[in-house]
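Structure below is protein-v4.txt: compact mmCIF, C-alpha atoms.
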```
# COMPACT_ATOMS: atom_id res chain seq x y z
CA MET A 238 41.45 38.11 14.65
CA ASN A 239 37.84 39.08 15.32
CA LYS A 240 37.01 39.52 18.98
CA VAL A 241 34.84 36.90 20.67
CA TYR A 242 32.17 37.88 23.22
CA SER A 243 30.75 35.37 25.67
CA LYS A 244 28.15 37.34 27.62
CA ILE A 245 24.71 37.85 26.06
CA GLU A 246 22.81 40.60 27.87
CA SER A 247 19.29 39.54 26.82
CA ILE A 248 17.40 37.14 24.56
CA ASN A 249 14.06 38.35 23.19
CA GLY A 250 12.66 35.87 20.69
CA SER A 251 15.14 35.78 17.82
CA VAL A 252 16.84 39.03 18.91
CA ILE A 253 19.81 38.96 21.27
CA THR A 254 21.79 41.88 22.70
CA VAL A 255 25.45 42.02 23.64
CA LYS A 256 27.90 44.71 24.74
CA ALA A 257 30.44 45.16 21.93
CA LYS A 258 32.67 47.78 20.31
CA GLY A 259 33.76 48.40 16.74
CA VAL A 260 30.86 46.66 14.98
CA LYS A 261 28.66 48.13 12.27
CA LEU A 262 25.06 47.83 11.14
CA ASN A 263 24.24 44.69 9.09
CA GLU A 264 27.54 43.05 10.10
CA LEU A 265 27.35 39.26 10.43
CA ALA A 266 28.21 37.36 13.58
CA GLU A 267 28.59 33.67 14.32
CA ILE A 268 27.01 32.28 17.47
CA THR A 269 28.37 29.02 18.87
CA THR A 270 25.75 27.18 20.91
CA ARG A 271 25.69 23.66 22.30
CA PHE A 272 23.68 22.67 19.22
CA GLY A 273 26.16 24.06 16.70
CA LYS A 274 26.81 27.35 14.95
CA SER A 275 24.27 29.91 13.75
CA LEU A 276 24.51 33.17 11.87
CA ALA A 277 23.16 36.46 13.21
CA GLU A 278 23.05 39.98 11.81
CA VAL A 279 23.48 43.32 13.58
CA ASN A 280 20.25 45.27 13.16
CA LYS A 281 20.52 47.92 15.88
CA ILE A 282 23.37 49.72 17.67
CA ASP A 283 22.81 51.92 20.74
CA GLY A 284 26.19 52.98 22.09
CA GLU A 285 27.92 49.74 23.06
CA THR A 286 24.64 47.78 23.16
CA VAL A 287 24.37 45.77 19.95
CA SER A 288 21.19 43.93 18.89
CA LEU A 289 21.48 40.94 16.58
CA GLN A 290 18.80 39.05 14.69
CA VAL A 291 19.57 35.32 14.94
CA PHE A 292 18.81 33.59 11.65
CA ALA A 293 17.79 30.30 13.24
CA GLY A 294 15.83 31.99 16.06
CA GLY A 295 16.64 32.42 19.73
CA ARG A 296 15.69 28.91 20.78
CA GLY A 297 18.77 27.04 22.04
CA VAL A 298 20.82 30.22 22.58
CA ALA A 299 22.20 30.63 26.13
CA THR A 300 23.53 33.80 27.76
CA ASN A 301 27.05 32.36 27.96
CA ASP A 302 27.28 31.31 24.29
CA GLN A 303 30.12 32.74 22.25
CA ILE A 304 29.54 35.44 19.63
CA ARG A 305 32.20 36.19 17.02
CA PHE A 306 31.71 39.19 14.74
CA LEU A 307 32.87 38.42 11.21
CA GLY A 308 33.72 41.97 10.12
CA HIS A 309 31.61 41.97 6.95
CA ASP A 310 28.01 42.09 5.74
CA MET A 311 26.30 39.07 4.24
CA ARG A 312 27.92 37.85 1.03
CA VAL A 313 27.05 35.33 -1.66
CA SER A 314 29.29 33.25 -3.86
CA PHE A 315 29.12 34.07 -7.56
CA SER A 316 30.17 31.84 -10.45
CA GLU A 317 28.64 29.84 -13.29
CA ASN A 318 28.31 27.01 -10.75
CA LEU A 319 25.24 28.81 -9.35
CA LEU A 320 23.16 27.84 -12.39
CA GLY A 321 20.81 24.96 -11.68
CA ARG A 322 21.28 25.33 -7.92
CA ILE A 323 18.81 26.06 -5.10
CA PHE A 324 19.77 27.97 -1.93
CA ASN A 325 18.02 29.22 1.19
CA GLY A 326 17.94 32.75 2.60
CA SER A 327 21.36 32.28 4.18
CA ALA A 328 22.85 31.39 0.77
CA GLU A 329 23.33 27.81 1.93
CA PRO A 330 22.45 24.90 -0.41
CA ARG A 331 18.88 23.66 -0.18
CA ASP A 332 19.40 21.07 -2.91
CA HIS A 333 21.98 19.03 -0.92
CA GLY A 334 24.68 20.06 -3.38
CA PRO A 335 28.12 21.36 -2.38
CA ALA A 336 28.40 24.70 -0.62
CA LEU A 337 29.98 27.47 -2.71
CA SER A 338 32.51 29.84 -1.16
CA ASP A 339 34.56 31.26 -4.03
CA SER A 340 34.24 34.78 -5.55
CA LEU A 341 32.11 36.19 -2.73
CA VAL A 342 30.17 39.38 -3.52
CA GLN A 343 28.38 41.62 -1.04
CA ILE A 344 24.59 41.82 -1.16
CA GLY A 345 22.38 44.86 -0.72
CA GLY A 346 24.67 47.36 -2.43
CA PRO A 347 23.54 50.62 -4.06
CA SER A 348 21.63 50.74 -7.35
CA VAL A 349 23.46 51.37 -10.61
CA ASN A 350 24.84 54.82 -11.46
CA PRO A 351 22.40 56.47 -13.93
CA SER A 352 25.30 57.28 -16.27
CA LYS A 353 25.73 53.53 -16.85
CA ARG A 354 22.06 53.04 -17.78
CA ILE A 355 20.33 53.27 -21.14
CA LEU A 356 16.64 53.82 -21.79
CA PRO A 357 14.66 50.56 -21.99
CA ASN A 358 14.07 49.77 -25.67
CA ARG A 359 13.90 45.97 -26.06
CA MET A 360 10.95 43.63 -25.65
CA MET A 361 11.21 40.57 -23.39
CA ARG A 362 9.01 37.89 -24.92
CA THR A 363 6.96 35.61 -22.66
CA ASN A 364 4.60 33.92 -25.20
CA ILE A 365 1.66 35.07 -23.04
CA PRO A 366 -0.65 37.19 -25.25
CA MET A 367 -1.99 39.38 -22.42
CA ILE A 368 1.61 40.43 -21.74
CA ASP A 369 3.26 40.37 -25.16
CA VAL A 370 0.40 41.98 -27.09
CA PHE A 371 -1.36 44.24 -24.61
CA ASN A 372 1.15 45.12 -21.86
CA THR A 373 4.55 44.27 -23.23
CA LEU A 374 7.29 43.41 -20.76
CA VAL A 375 10.39 45.48 -21.56
CA VAL A 376 13.98 44.52 -20.79
CA SER A 377 15.12 46.28 -17.55
CA GLN A 378 11.53 47.04 -16.51
CA LYS A 379 10.45 46.73 -12.87
CA ILE A 380 6.83 45.63 -12.65
CA PRO A 381 4.68 43.80 -10.07
CA ILE A 382 1.91 41.25 -10.46
CA PHE A 383 -0.91 42.42 -8.17
CA SER A 384 -2.97 39.48 -7.02
CA ILE A 385 -4.98 38.04 -4.14
CA SER A 386 -4.30 34.79 -2.33
CA GLY A 387 -5.52 31.77 -4.24
CA GLU A 388 -4.74 33.13 -7.71
CA PRO A 389 -2.24 31.09 -9.79
CA TYR A 390 0.55 33.67 -9.59
CA ASN A 391 3.26 31.09 -8.84
CA GLN A 392 2.13 29.03 -11.84
CA LEU A 393 2.30 32.19 -13.96
CA LEU A 394 5.83 32.94 -12.72
CA ALA A 395 6.92 29.38 -13.47
CA ARG A 396 5.61 29.69 -17.04
CA ILE A 397 7.39 32.99 -17.51
CA ALA A 398 10.60 31.44 -16.14
CA MET A 399 10.41 28.67 -18.75
CA GLN A 400 9.40 30.84 -21.70
CA ALA A 401 10.92 34.28 -21.16
CA GLN A 402 13.56 35.43 -23.62
CA ALA A 403 16.29 35.76 -20.98
CA ASP A 404 19.77 34.32 -20.62
CA VAL A 405 19.48 33.72 -16.87
CA ILE A 406 16.50 33.39 -14.52
CA VAL A 407 16.91 34.21 -10.82
CA LEU A 408 13.91 33.08 -8.77
CA GLY A 409 13.49 34.43 -5.24
CA GLY A 410 10.75 32.77 -3.21
CA MET A 411 9.61 34.35 0.08
CA GLY A 412 7.28 32.62 2.51
CA LEU A 413 6.56 29.84 0.02
CA LYS A 414 4.51 26.84 1.00
CA TYR A 415 6.64 23.75 0.64
CA ASP A 416 4.31 22.50 -2.11
CA ASP A 417 4.90 25.72 -4.07
CA TYR A 418 8.66 25.33 -3.72
CA LEU A 419 8.45 21.76 -5.04
CA TYR A 420 6.17 22.96 -7.86
CA PHE A 421 8.75 25.50 -9.02
CA LYS A 422 11.54 22.93 -8.80
CA LYS A 423 9.62 20.22 -10.66
CA THR A 424 8.23 22.56 -13.34
CA LEU A 425 11.60 24.10 -14.15
CA GLU A 426 13.30 20.70 -14.19
CA GLU A 427 10.72 19.18 -16.52
CA GLY A 428 10.64 22.30 -18.71
CA GLY A 429 14.42 22.25 -19.13
CA ALA A 430 14.82 25.74 -17.64
CA LEU A 431 16.51 24.78 -14.35
CA SER A 432 19.92 24.72 -16.03
CA LYS A 433 19.74 28.50 -16.59
CA THR A 434 18.04 29.25 -13.26
CA VAL A 435 19.32 30.14 -9.80
CA MET A 436 16.78 29.75 -6.98
CA PHE A 437 16.85 31.38 -3.55
CA VAL A 438 13.95 29.96 -1.56
CA HIS A 439 12.55 30.89 1.84
CA THR A 440 9.67 28.68 2.96
CA ALA A 441 7.07 29.59 5.56
CA ALA A 442 8.87 27.30 8.04
CA ASP A 443 12.25 29.07 7.68
CA PRO A 444 13.56 31.89 9.93
CA THR A 445 11.95 35.29 9.34
CA VAL A 446 15.23 37.12 8.80
CA GLU A 447 16.07 34.85 5.86
CA CYS A 448 12.94 36.09 4.06
CA ILE A 449 14.34 39.63 4.03
CA LYS A 450 17.59 38.42 2.48
CA ILE A 451 15.99 36.71 -0.53
CA PRO A 452 15.59 39.82 -2.77
CA ASP A 453 19.11 41.04 -1.94
CA LEU A 454 20.66 37.65 -2.68
CA SER A 455 18.70 37.34 -5.93
CA LEU A 456 19.58 40.84 -7.12
CA ALA A 457 23.26 40.61 -6.15
CA VAL A 458 23.65 37.45 -8.24
CA ALA A 459 21.59 38.96 -11.07
CA GLU A 460 23.83 42.03 -11.14
CA GLN A 461 26.95 39.91 -11.51
CA PHE A 462 25.44 37.94 -14.40
CA ALA A 463 24.31 41.22 -16.02
CA LEU A 464 27.85 42.57 -15.79
CA GLN A 465 28.92 39.54 -17.84
CA GLY A 466 26.65 40.78 -20.64
CA LYS A 467 23.64 38.56 -19.91
CA ASP A 468 19.96 39.52 -19.86
CA VAL A 469 18.71 38.44 -16.44
CA LEU A 470 15.07 38.10 -15.37
CA VAL A 471 14.52 38.25 -11.60
CA LEU A 472 11.23 36.73 -10.44
CA LEU A 473 10.22 37.46 -6.83
CA THR A 474 7.27 35.99 -4.93
CA ASP A 475 5.84 37.35 -2.69
CA MET A 476 6.89 40.90 -1.81
CA THR A 477 4.05 41.19 0.72
CA ASN A 478 5.68 38.34 2.68
CA PHE A 479 8.94 40.31 2.49
CA ALA A 480 7.21 43.40 3.92
CA ASP A 481 5.47 41.33 6.62
CA SER A 482 8.85 39.94 7.70
CA MET A 483 10.18 43.49 7.92
CA LYS A 484 7.18 44.40 10.08
CA GLU A 485 7.73 41.43 12.37
CA ILE A 486 11.37 42.34 12.96
CA ALA A 487 10.53 46.04 13.43
CA ILE A 488 8.02 45.11 16.15
CA THR A 489 10.66 43.00 17.89
CA GLN A 490 13.02 46.00 17.77
CA GLU A 491 10.24 48.17 19.23
CA GLN A 492 10.35 50.58 16.29
CA VAL A 493 7.59 53.18 16.06
CA PRO A 494 5.13 51.67 13.55
CA SER A 495 3.72 53.48 10.55
CA ASN A 496 0.65 52.62 8.41
CA ARG A 497 -0.92 49.30 9.57
CA GLY A 498 2.12 48.48 11.67
CA TYR A 499 4.66 48.50 8.82
CA PRO A 500 7.98 50.26 9.44
CA GLY A 501 8.24 53.88 8.35
CA ASP A 502 10.92 53.11 5.76
CA LEU A 503 8.76 50.60 3.85
CA TYR A 504 8.85 52.71 0.67
CA SER A 505 12.65 53.04 0.77
CA GLN A 506 13.12 49.34 1.47
CA LEU A 507 10.95 48.36 -1.51
CA ALA A 508 12.48 50.99 -3.80
CA SER A 509 16.05 49.96 -3.03
CA ARG A 510 15.23 46.49 -4.40
CA TYR A 511 13.14 47.47 -7.41
CA GLU A 512 15.65 50.13 -8.50
CA LYS A 513 18.20 47.39 -9.19
CA ALA A 514 16.42 46.88 -12.54
CA VAL A 515 18.78 48.22 -15.20
CA ASP A 516 19.90 47.97 -18.81
CA PHE A 517 23.66 48.59 -18.76
CA SER A 518 25.01 50.78 -21.54
CA ASP A 519 27.96 48.44 -22.11
CA SER A 520 26.76 45.10 -20.73
CA GLY A 521 23.63 43.07 -19.92
CA SER A 522 20.40 43.87 -18.08
CA ILE A 523 18.23 43.08 -15.05
CA THR A 524 14.44 42.89 -15.36
CA VAL A 525 12.38 42.54 -12.17
CA LEU A 526 8.94 40.91 -12.10
CA ALA A 527 7.57 40.56 -8.56
CA VAL A 528 4.32 39.20 -7.16
CA THR A 529 2.60 41.45 -4.62
CA THR A 530 -0.45 39.91 -2.98
CA MET A 531 -3.14 42.33 -1.82
CA PRO A 532 -4.77 41.32 1.49
CA GLY A 533 -8.53 41.53 1.04
CA ASP A 534 -8.03 42.59 -2.61
CA ASP A 535 -7.19 46.05 -1.24
CA VAL A 536 -4.93 48.00 -3.60
CA THR A 537 -4.62 50.76 -0.95
CA HIS A 538 -2.85 48.31 1.38
CA PRO A 539 0.60 49.80 2.20
CA VAL A 540 2.59 47.23 0.21
CA PRO A 541 0.82 47.47 -3.19
CA ASP A 542 0.19 51.19 -2.59
CA ASN A 543 3.90 51.96 -2.12
CA THR A 544 4.84 49.54 -4.90
CA GLY A 545 2.69 51.44 -7.39
CA TYR A 546 4.73 54.61 -6.85
CA ILE A 547 8.03 52.80 -7.49
CA THR A 548 7.36 50.49 -10.42
CA GLU A 549 6.61 51.02 -14.11
CA GLY A 550 3.08 49.65 -14.26
CA GLN A 551 1.48 46.47 -12.95
CA TYR A 552 -0.25 43.27 -14.06
CA TYR A 553 -3.56 42.51 -12.32
CA LEU A 554 -4.16 38.79 -11.91
CA LYS A 555 -7.84 38.17 -11.21
CA GLY A 556 -10.04 35.14 -11.82
CA GLY A 557 -7.04 33.23 -13.15
CA ARG A 558 -6.45 35.80 -15.91
CA ILE A 559 -4.44 38.96 -16.46
CA GLU A 560 -7.09 41.67 -16.59
CA PRO A 561 -6.81 44.14 -19.50
CA PHE A 562 -8.27 46.94 -17.37
CA GLY A 563 -5.99 47.92 -14.51
CA SER A 564 -2.98 46.19 -16.02
CA LEU A 565 -0.46 48.62 -17.43
CA SER A 566 3.06 48.55 -18.82
CA ARG A 567 4.29 52.14 -18.83
CA LEU A 568 7.21 51.23 -21.10
CA LYS A 569 5.31 49.30 -23.79
CA GLN A 570 5.28 52.27 -26.17
CA ASN A 571 9.10 52.04 -26.24
CA VAL A 572 8.90 48.71 -28.07
CA ASN A 573 5.42 48.40 -29.67
CA SER A 574 6.57 50.31 -32.74
CA LYS A 575 9.53 47.95 -33.20
CA THR A 576 7.67 44.64 -33.15
CA ARG A 577 5.19 44.71 -36.05
CA LYS A 578 3.57 47.75 -37.56
CA ASP A 579 0.04 46.60 -36.71
CA HIS A 580 0.87 45.90 -33.04
CA ARG A 581 -0.09 49.23 -31.48
CA SER A 582 -3.21 49.80 -33.58
CA LEU A 583 -4.51 46.25 -33.15
CA MET A 584 -3.92 46.39 -29.39
CA ASP A 585 -5.86 49.64 -29.06
CA ALA A 586 -8.76 48.42 -31.24
CA MET A 587 -9.14 45.10 -29.41
CA ILE A 588 -9.16 46.70 -25.96
CA ARG A 589 -11.67 49.33 -27.11
CA LEU A 590 -14.01 46.64 -28.42
CA TYR A 591 -13.56 44.55 -25.27
CA ALA A 592 -14.62 47.56 -23.19
CA GLN A 593 -17.78 47.78 -25.32
CA TYR A 594 -18.34 44.05 -24.77
CA LYS A 595 -18.25 44.64 -21.00
CA ASP A 596 -20.90 47.35 -21.36
CA THR A 597 -23.02 44.99 -23.46
CA LEU A 598 -22.76 42.28 -20.79
CA GLU A 599 -24.13 44.74 -18.28
CA LYS A 600 -27.02 45.64 -20.59
CA LYS A 601 -27.78 41.96 -21.11
CA SER A 602 -27.78 41.25 -17.37
CA MET A 603 -30.36 44.02 -16.89
CA GLY A 604 -32.65 42.52 -19.53
CA PHE A 605 -32.21 45.04 -22.34
CA THR A 606 -32.89 43.93 -25.91
CA MET A 607 -29.70 42.98 -27.74
CA SER A 608 -29.05 44.70 -31.08
CA ALA A 609 -27.12 43.12 -33.96
CA TRP A 610 -24.05 45.09 -32.84
CA ASP A 611 -24.50 43.81 -29.28
CA GLU A 612 -24.58 40.23 -30.56
CA LYS A 613 -21.31 40.82 -32.42
CA LEU A 614 -19.74 42.20 -29.29
CA LEU A 615 -20.88 39.21 -27.22
CA LYS A 616 -19.31 36.83 -29.72
CA TYR A 617 -16.15 38.92 -29.79
CA GLY A 618 -15.84 39.00 -25.98
CA GLU A 619 -16.08 35.22 -25.71
CA LEU A 620 -13.41 34.71 -28.38
CA PHE A 621 -11.16 37.37 -26.85
CA GLU A 622 -11.30 35.72 -23.42
CA SER A 623 -10.68 32.20 -24.72
CA LYS A 624 -8.05 33.00 -27.38
CA MET A 625 -6.21 35.89 -25.68
CA MET A 626 -6.91 36.11 -21.95
CA ASP A 627 -6.75 32.42 -21.07
CA LEU A 628 -3.38 31.82 -19.42
CA THR A 629 -3.07 28.39 -21.03
CA VAL A 630 -2.61 30.11 -24.41
CA ASN A 631 1.07 29.82 -25.23
CA ILE A 632 2.01 31.39 -28.58
CA PRO A 633 4.63 33.82 -29.95
CA LEU A 634 3.76 37.50 -30.40
CA GLU A 635 3.33 37.27 -34.19
CA GLU A 636 0.90 34.37 -33.90
CA ALA A 637 -1.01 36.22 -31.17
CA LEU A 638 -1.33 39.27 -33.46
CA ASP A 639 -2.56 37.05 -36.31
CA ASN A 640 -5.10 35.51 -33.92
CA GLY A 641 -6.26 39.02 -33.03
CA TRP A 642 -7.05 39.72 -36.69
CA LYS A 643 -8.85 36.37 -36.99
CA ILE A 644 -11.01 37.17 -33.95
CA LEU A 645 -11.95 40.56 -35.43
CA ALA A 646 -12.72 39.00 -38.82
CA ALA A 647 -14.93 36.35 -37.18
CA CYS A 648 -17.08 38.99 -35.48
CA PHE A 649 -17.03 42.25 -37.44
CA GLU A 650 -16.89 43.78 -40.87
CA LYS A 651 -13.64 45.50 -41.80
CA GLU A 652 -15.02 49.01 -41.47
CA GLU A 653 -16.48 48.27 -38.00
CA THR A 654 -13.07 47.79 -36.37
CA GLY A 655 -11.92 51.41 -36.69
CA LEU A 656 -8.51 50.25 -37.93
CA LYS A 657 -6.60 52.03 -40.70
CA SER A 658 -7.36 50.84 -44.23
CA GLU A 659 -3.72 50.10 -45.02
CA LEU A 660 -3.47 47.77 -42.00
CA VAL A 661 -6.77 46.07 -42.83
CA GLU A 662 -5.66 45.47 -46.41
CA GLN A 663 -2.37 43.91 -45.29
CA PHE A 664 -3.42 41.84 -42.27
CA TRP A 665 -7.17 41.06 -42.62
CA PRO A 666 -7.55 37.26 -43.01
CA ASN A 667 -8.83 35.97 -46.35
```

Encoded form (structure tokens):
Amino acid sequence: MNKVYSKIESINGSVITVKAKGVKLNELAEITTRFGKSLAEVNKIDGETVSLQVFAGGRGVATNDQIRFLGHDMRVSFSENLLGRIFNGSAEPRDHGPALSDSLVQIGGPSVNPSKRILPNRMMRTNIPMIDVFNTLVVSQKIPIFSISGEPYNQLLARIAMQAQADVIVLGGMGLKYDDYLYFKKTLEEGGALSKTVMFVHTAADPTVECIKIPDLSLAVAEQFALQGKDVLVLLTDMTNFADSMKEIAITQEQVPSNRGYPGDLYSQLASRYEKAVDFSDSGSITVLAVTTMPGDDVTHPVPDNTGYITEGQYYLKGGRIEPFGSLSRLKQNVNSKTRKDHRSLMDAMIRLYAQYKDTLEKKSMGFTMSAWDEKLLKYGELFESKMMDLTVNIPLEEALDNGWKILAACFEKEETGLKSELVEQFWPN
């Protein structure tokens, strides 16, 4: 029987302290108040003084309320019954469905033993040309979408959730506006993808501590599905909200702040989540795609800055499009040679010509005379942006590659593309 304590030493916002023995860090406790029961988590131990973060906040908690330590960290139920369900950051149903309590698994465990991993070597199709053709998403890759507020990153994630070649989608929302939460729910329902999706959603109105739990809940469930042999895509939005919640709690705990007030272990906290991406040697896989918003479009902000050292590339979302310059998939070379033999060469040629188009735009804006080659580049740039970069374009990889050849043929002569003769002979449109 777990011991019950009925004397709270102090209440500071959502953090309470109590004198207790035999408890451990991250252990859960149940607080019984006059309004009902609430969960709390041990986040600091100093001798017998134990600090707990109350999930529902400190409002309504009295110094004589009962605290019962549960003897375990936070856990989440795992079964096929999770599919199609929506939960909050306490793993409680948000969709008014039945609560699940069978087959509980602990969250926040260590990353997978390297001996159980294999090198990433499979493409994950999204039907988005700027990803599939130019910065291919690879199964078991960990990669962020760098963006600024106002960009359609949640719409992009919803499209990827519907179209990605994955067996299971786990969507973790952090600090979502309620409208964004409803958008995800409605889009996945109407697109027929909700039946293979598990959603853990923290809205801006929910307790701060629940925001921190979203990635761990999402990844714990993803790991269990992967161990069943399934390819799982974990979509997280927004990791900057996750880091801000960490900062808020660290300030409450009076931790010594690091860069811009973030806790000193920010890198480790981010890495421990991203490193859950894995392709098991004898089972399924976990691929992690996470939105990271950049305050003030500042890539040197601590969250995107630390993220860049952990992940395997990034997608830059700017002006409603995935930018070809700055975006990078460090693992794309592992799969480009396995898709279609023209993939790598066509990708390189089109980006090279688009870079020349950007130079030509600059010349035009300064009033320089346009040569015949400049005019070709201007035509090419417009076609490239409308047929490839526009996020409404929704086509398979092979069709996107064919479109690439058609764009080149509409603007240039064969010998002007710099592509190998054997590829030109095979793929140049008639």

Nearest to Lys595 in chain A by atom-to-atom distance, counting only C-alpha atoms, from A:Ala609, A:Leu614, A:Leu628, A:Val528 =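 Using only C-alpha atoms, the shortest distance to Lys595 in chain A belongs to A:Leu614.
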
Which residues of range 277-318 of chain A have any atom within 10 Å of an atom in range 459-481 of chain A when counting all atoms listed in the file, and what is the closest pair of atoms for each, with the distance in Å to one decimal? Order the rows by chain and rising number and write it as a Markdown table.
```
| residue | atom | partner | partner_atom | distance |
| --- | --- | --- | --- | --- |
| A:Phe315 | CA | A:Gln461 | CA | 7.4 |
| A:Ser316 | CA | A:Phe462 | CA | 8.7 |
| A:Glu317 | CA | A:Phe462 | CA | 8.8 |
```

Smallest atom-to-atom distance to Pro381 in chain A: which of A:Glu622, A:Glu549, A:Glu652, A:Glu636, using all atoms listed in the file?
->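 Closest to Pro381 in chain A, using all atoms listed in the file: A:Glu549.
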
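Across the model, the gap from CA of Ala328 in chain A to CA of Ser247 in chain A is 27.5 Å.
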
Point-to-point distance in Å for CA of Pro347 in chain A and CA of Leu456 in chain A =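 Computing it gives 11.0 Å between the two atoms.
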
Rounded to one decimal in Å, what is the spacing between CA of Val349 in chain A and CA of Glu264 in chain A?
->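 Spanning CA of Val349 in chain A to CA of Glu264 in chain A is a straight-line distance of 22.7 Å.
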
Write out as a PyMOL selection string the residues lying within 8 Å of range 311-314 of chain A, counting only C-alpha atoms and excluding same-chain residues fewer than 4 positions away.
-> chain A and resi 263-265+328+337-344+454+457-458

Measuring atom to atom with all atoms listed in the file, identify which of A:Ile282, A:Leu431, A:Ile248, A:Ala637 is nearest to Arg296 in chain A.
-> A:Ile248

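By chain and then residue number, the residues within 8 Å of Ala257 in chain A are Tyr242, Glu285, Thr286 and Val287 of chain A, counting only C-alpha atoms and disregarding those fewer than 5 positions away in sequence.
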
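Compared by their closest atoms to Val572 in chain A, and using all atoms listed in the file, the residues A:Phe306, A:Phe371, A:Tyr390, A:Tyr617 rank with A:Phe371 nearest.
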
Min atom-atom distance to Thr363 in chain A from the set A:Val291, A:Leu526, A:Val540, A:Ser251, counting only C-alpha atoms, belongs to A:Leu526
